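K.L.:
Below: one structure in structure tokens.
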Amino acid sequence: MARCKRTRNLEVHHRRRDGGNDLSNAEVLCGSCHTATSTYGVSGTTPPAFTVATKIAALRRAGDQCECTRSGGCH
Ligand SMILES: [Zn+2]
Ligand SMILES: [Zn+2]
């Protein structure tokens with residue numbers, strides 16, 4: 001599955017709930033791909049929020065494009 005091409009409605013997703021809020025645990029996803037993640041909306045451990053600086057860095061790293069390469073049909 002190719003990478004999602006969406007560039008709007010981007011959110012910064014936690015790759016791992018217990019992975020902290022560093023850039024290494026950040027994944028830029030569009031709303032569609034974010035909603036499709038297995039942990040979206042599931043109650044449980046809430047990871048620490050990303051800082052604005054980390055969000056900006058993640059978006060820059062992603063080229064302001066969704067980073068999803070999943071094959072679940074979300075994009
Ligand atoms: Zn996407
Ligand atoms: Zn996707």
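By order of appearance in the structure tokens: chains A, B, ..., then residues from 1 within every chain, and ligands from 1 in the order shown.
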Would you mind listing what lies within 7 Å of A:Arg17 as a list in words, with only C-alpha atoms counted and same-chain residues fewer than 2 positions away left out?
P.N.:
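Non-adjacent residues within range: His14, Arg15, Gly19, Thr45, Thr46 and Pro47 of chain A.
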K.L.:
Let me see if you get this right: every residue at most 10 Å from ligand 2, counting only C-alpha atoms and all ligand atoms, written as a PDB file with N, CA and C atoms, in the first residue's frame.
P.N.:
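Full text of selection12.pdb as output:
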ATOM      1  N   MET A   1       0.854  -1.199   0.000  1.00  0.00           N
ATOM      2  CA  MET A   1       0.000   0.000   0.000  1.00  0.00           C
ATOM      3  C   MET A   1       0.883   1.239   0.000  1.00  0.00           C
ATOM      4  N   ALA A   2       0.587   2.135  -0.901  1.00  0.00           N
ATOM      5  CA  ALA A   2       1.361   3.372  -0.963  1.00  0.00           C
ATOM      6  C   ALA A   2       0.982   4.311   0.180  1.00  0.00           C
ATOM      7  N   ARG A   3       1.811   5.253   0.338  1.00  0.00           N
ATOM      8  CA  ARG A   3       1.562   6.225   1.397  1.00  0.00           C
ATOM      9  C   ARG A   3       0.336   7.082   1.058  1.00  0.00           C
ATOM     10  N   CYS A   4      -0.400   7.391   2.093  1.00  0.00           N
ATOM     11  CA  CYS A   4      -1.566   8.261   1.949  1.00  0.00           C
ATOM     12  C   CYS A   4      -1.118   9.629   1.415  1.00  0.00           C
ATOM     13  N   LYS A   5      -1.899  10.194   0.522  1.00  0.00           N
ATOM     14  CA  LYS A   5      -1.513  11.461  -0.102  1.00  0.00           C
ATOM     15  C   LYS A   5      -2.231  12.668   0.483  1.00  0.00           C
ATOM     16  N   ARG A   6      -3.016  12.437   1.494  1.00  0.00           N
ATOM     17  CA  ARG A   6      -3.779  13.570   2.033  1.00  0.00           C
ATOM     18  C   ARG A   6      -2.860  14.570   2.744  1.00  0.00           C
ATOM     19  N   LEU A  29      -0.956  11.813  10.750  1.00  0.00           N
ATOM     20  CA  LEU A  29      -2.033  11.099  10.068  1.00  0.00           C
ATOM     21  C   LEU A  29      -3.167  12.060   9.742  1.00  0.00           C
ATOM     22  N   CYS A  30      -3.816  11.845   8.626  1.00  0.00           N
ATOM     23  CA  CYS A  30      -5.008  12.628   8.324  1.00  0.00           C
ATOM     24  C   CYS A  30      -6.155  12.084   9.177  1.00  0.00           C
ATOM     25  N   GLY A  31      -7.246  12.798   9.220  1.00  0.00           N
ATOM     26  CA  GLY A  31      -8.352  12.393  10.064  1.00  0.00           C
ATOM     27  C   GLY A  31      -8.847  10.997   9.747  1.00  0.00           C
ATOM     28  N   SER A  32      -8.898  10.663   8.474  1.00  0.00           N
ATOM     29  CA  SER A  32      -9.388   9.355   8.053  1.00  0.00           C
ATOM     30  C   SER A  32      -8.494   8.230   8.564  1.00  0.00           C
ATOM     31  N   CYS A  33      -7.196   8.390   8.362  1.00  0.00           N
ATOM     32  CA  CYS A  33      -6.255   7.347   8.785  1.00  0.00           C
ATOM     33  C   CYS A  33      -6.160   7.288  10.304  1.00  0.00           C
ATOM     34  N   HIS A  34      -6.279   8.440  10.949  1.00  0.00           N
ATOM     35  CA  HIS A  34      -6.204   8.457  12.407  1.00  0.00           C
ATOM     36  C   HIS A  34      -7.389   7.691  13.001  1.00  0.00           C
ATOM     37  N   THR A  35      -8.553   7.950  12.475  1.00  0.00           N
ATOM     38  CA  THR A  35      -9.750   7.274  12.973  1.00  0.00           C
ATOM     39  C   THR A  35      -9.650   5.774  12.774  1.00  0.00           C
ATOM     40  N   ALA A  36      -8.929   5.345  11.750  1.00  0.00           N
ATOM     41  CA  ALA A  36      -8.820   3.921  11.427  1.00  0.00           C
ATOM     42  C   ALA A  36      -7.779   3.187  12.253  1.00  0.00           C
ATOM     43  N   THR A  37      -6.971   3.913  13.033  1.00  0.00           N
ATOM     44  CA  THR A  37      -5.974   3.215  13.841  1.00  0.00           C
ATOM     45  C   THR A  37      -6.658   2.356  14.889  1.00  0.00           C
ATOM     46  N   CYS A  66       0.092  13.176   5.211  1.00  0.00           N
ATOM     47  CA  CYS A  66      -0.195  12.006   6.042  1.00  0.00           C
ATOM     48  C   CYS A  66       0.914  10.961   5.860  1.00  0.00           C
ATOM     49  N   GLU A  67       1.381  10.385   6.968  1.00  0.00           N
ATOM     50  CA  GLU A  67       2.470   9.403   6.915  1.00  0.00           C
ATOM     51  C   GLU A  67       1.975   7.964   6.871  1.00  0.00           C
ATOM     52  N   CYS A  68       0.682   7.772   6.792  1.00  0.00           N
ATOM     53  CA  CYS A  68       0.123   6.423   6.860  1.00  0.00           C
ATOM     54  C   CYS A  68       0.520   5.578   5.650  1.00  0.00           C
ATOM     55  N   THR A  69       1.009   4.368   5.934  1.00  0.00           N
ATOM     56  CA  THR A  69       1.294   3.426   4.860  1.00  0.00           C
ATOM     57  C   THR A  69       0.586   2.107   5.156  1.00  0.00           C
ATOM     58  N   ARG A  70      -0.427   2.149   5.999  1.00  0.00           N
ATOM     59  CA  ARG A  70      -1.167   0.943   6.365  1.00  0.00           C
ATOM     60  C   ARG A  70      -1.969   0.438   5.173  1.00  0.00           C
ATOM     61  N   SER A  71      -2.327  -0.802   5.233  1.00  0.00           N
ATOM     62  CA  SER A  71      -3.062  -1.408   4.127  1.00  0.00           C
ATOM     63  C   SER A  71      -4.498  -1.746   4.528  1.00  0.00           C
ATOM     64  N   GLY A  72      -4.997  -1.058   5.518  1.00  0.00           N
ATOM     65  CA  GLY A  72      -6.338  -1.368   6.010  1.00  0.00           C
ATOM     66  C   GLY A  72      -7.473  -0.702   5.254  1.00  0.00           C
ATOM     67  N   GLY A  73      -7.145  -0.031   4.168  1.00  0.00           N
ATOM     68  CA  GLY A  73      -8.182   0.599   3.387  1.00  0.00           C
ATOM     69  C   GLY A  73      -8.606   1.957   3.900  1.00  0.00           C
ATOM     70  N   CYS A  74      -7.775   2.527   4.756  1.00  0.00           N
ATOM     71  CA  CYS A  74      -8.123   3.832   5.337  1.00  0.00           C
ATOM     72  C   CYS A  74      -7.815   4.978   4.383  1.00  0.00           C
ATOM     73  N   HIS A  75      -7.062   4.763   3.353  1.00  0.00           N
ATOM     74  CA  HIS A  75      -6.753   5.817   2.384  1.00  0.00           C
ATOM     75  C   HIS A  75      -6.596   5.246   0.971  1.00  0.00           C
TER      76      HIS A  75
END
K.L.:
Which of these residues is nearest to ligand 1, using only C-alpha atoms and all ligand atoms: A:Ala62, A:Ala57, A:Leu23, A:Val42?
P.N.:
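The answer is A:Ala62, which sits nearest to ligand 1.
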K.L.:
Env of A:Lys55: 10 Å cut, atoms = only C-alpha atoms, seq-sep filter 6 positions within chain, self excluded. Answer as a list of chain:residue names.
P.N.:
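Contacts, with the query itself left out: A:Glu11, A:Val12, A:His13, A:Asn21, A:Asp22, A:Leu23, A:Ala26, A:Glu27, A:Val28, A:Ala49, A:Arg61.
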K.L.:
To one decimal place in Å, what is the distance between atom CA of A:Asp64 and atom CA of A:Pro48?
P.N.:
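Atom CA of A:Pro48 lies at a distance of 22.3 Å from atom CA of A:Asp64.
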K.L.:
Calculated over only C-alpha atoms and all ligand atoms, which of the candidates A:Gln65, A:Arg60, A:Arg16, A:Thr51 has the smallest distance to ligand 1?
P.N.:
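The closest residue to ligand 1 is A:Gln65.
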K.L.:
Which residues in chain A does DSSP call helix (DSSP H, G or I)? List them as a list in words.
P.N.:
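Reading the DSSP output for chain A, helix (DSSP H, G or I) covers Leu23, Ser24, Asn25, Gly31, Ser32, Cys33, His34, Thr35, Ala36, Val52, Ala53, Thr54, Lys55, Ile56, Ala57, Ala58, Leu59, Arg60, Arg61 and Ala62 of chain A.
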K.L.:
Produce a file of the selected residues containing N, CA and C atoms, as a PDB file, in the first residue's frame.
P.N.:
ATOM      1  N   LEU A  23       9.330  13.146  19.408  1.00  0.00           N
ATOM      2  CA  LEU A  23       9.118  13.118  17.964  1.00  0.00           C
ATOM      3  C   LEU A  23       9.163  11.691  17.418  1.00  0.00           C
ATOM      4  N   SER A  24       9.971  10.827  18.047  1.00  0.00           N
ATOM      5  CA  SER A  24      10.090   9.448  17.579  1.00  0.00           C
ATOM      6  C   SER A  24       8.790   8.665  17.754  1.00  0.00           C
ATOM      7  N   ASN A  25       7.920   9.152  18.599  1.00  0.00           N
ATOM      8  CA  ASN A  25       6.643   8.461  18.825  1.00  0.00           C
ATOM      9  C   ASN A  25       5.498   9.160  18.099  1.00  0.00           C
ATOM     10  N   GLY A  31      -7.246  12.798   9.220  1.00  0.00           N
ATOM     11  CA  GLY A  31      -8.352  12.393  10.064  1.00  0.00           C
ATOM     12  C   GLY A  31      -8.847  10.997   9.747  1.00  0.00           C
ATOM     13  N   SER A  32      -8.898  10.663   8.474  1.00  0.00           N
ATOM     14  CA  SER A  32      -9.388   9.355   8.053  1.00  0.00           C
ATOM     15  C   SER A  32      -8.494   8.230   8.564  1.00  0.00           C
ATOM     16  N   CYS A  33      -7.196   8.390   8.362  1.00  0.00           N
ATOM     17  CA  CYS A  33      -6.255   7.347   8.785  1.00  0.00           C
ATOM     18  C   CYS A  33      -6.160   7.288  10.304  1.00  0.00           C
ATOM     19  N   HIS A  34      -6.279   8.440  10.949  1.00  0.00           N
ATOM     20  CA  HIS A  34      -6.204   8.457  12.407  1.00  0.00           C
ATOM     21  C   HIS A  34      -7.389   7.691  13.001  1.00  0.00           C
ATOM     22  N   THR A  35      -8.553   7.950  12.475  1.00  0.00           N
ATOM     23  CA  THR A  35      -9.750   7.274  12.973  1.00  0.00           C
ATOM     24  C   THR A  35      -9.650   5.774  12.774  1.00  0.00           C
ATOM     25  N   ALA A  36      -8.929   5.345  11.750  1.00  0.00           N
ATOM     26  CA  ALA A  36      -8.820   3.921  11.427  1.00  0.00           C
ATOM     27  C   ALA A  36      -7.779   3.187  12.253  1.00  0.00           C
ATOM     28  N   VAL A  52       3.459  21.697  21.167  1.00  0.00           N
ATOM     29  CA  VAL A  52       3.286  22.363  19.874  1.00  0.00           C
ATOM     30  C   VAL A  52       4.555  22.236  19.047  1.00  0.00           C
ATOM     31  N   ALA A  53       5.701  22.375  19.691  1.00  0.00           N
ATOM     32  CA  ALA A  53       6.973  22.298  18.966  1.00  0.00           C
ATOM     33  C   ALA A  53       7.160  20.915  18.342  1.00  0.00           C
ATOM     34  N   THR A  54       6.784  19.879  19.070  1.00  0.00           N
ATOM     35  CA  THR A  54       6.914  18.523  18.531  1.00  0.00           C
ATOM     36  C   THR A  54       5.950  18.312  17.378  1.00  0.00           C
ATOM     37  N   LYS A  55       4.747  18.837  17.501  1.00  0.00           N
ATOM     38  CA  LYS A  55       3.780  18.718  16.399  1.00  0.00           C
ATOM     39  C   LYS A  55       4.291  19.408  15.146  1.00  0.00           C
ATOM     40  N   ILE A  56       4.840  20.582  15.333  1.00  0.00           N
ATOM     41  CA  ILE A  56       5.366  21.317  14.174  1.00  0.00           C
ATOM     42  C   ILE A  56       6.519  20.544  13.546  1.00  0.00           C
ATOM     43  N   ALA A  57       7.392  19.987  14.386  1.00  0.00           N
ATOM     44  CA  ALA A  57       8.530  19.221  13.880  1.00  0.00           C
ATOM     45  C   ALA A  57       8.059  17.970  13.143  1.00  0.00           C
ATOM     46  N   ALA A  58       7.026  17.327  13.673  1.00  0.00           N
ATOM     47  CA  ALA A  58       6.501  16.119  13.033  1.00  0.00           C
ATOM     48  C   ALA A  58       5.902  16.446  11.671  1.00  0.00           C
ATOM     49  N   LEU A  59       5.153  17.538  11.605  1.00  0.00           N
ATOM     50  CA  LEU A  59       4.543  17.937  10.332  1.00  0.00           C
ATOM     51  C   LEU A  59       5.613  18.298   9.312  1.00  0.00           C
ATOM     52  N   ARG A  60       6.659  18.937   9.789  1.00  0.00           N
ATOM     53  CA  ARG A  60       7.746  19.312   8.883  1.00  0.00           C
ATOM     54  C   ARG A  60       8.436  18.057   8.361  1.00  0.00           C
ATOM     55  N   ARG A  61       8.700  17.115   9.264  1.00  0.00           N
ATOM     56  CA  ARG A  61       9.346  15.855   8.869  1.00  0.00           C
ATOM     57  C   ARG A  61       8.494  15.121   7.843  1.00  0.00           C
ATOM     58  N   ALA A  62       7.194  15.178   8.034  1.00  0.00           N
ATOM     59  CA  ALA A  62       6.276  14.466   7.145  1.00  0.00           C
ATOM     60  C   ALA A  62       6.030  15.215   5.841  1.00  0.00           C
TER      61      ALA A  62
END
K.L.:
Determine the nearest neighbour of ligand 1 from the options A:Thr7, A:Phe50, A:Gly44, A:Gly63, counting only C-alpha atoms and all ligand atoms.
P.N.:
A:Thr7
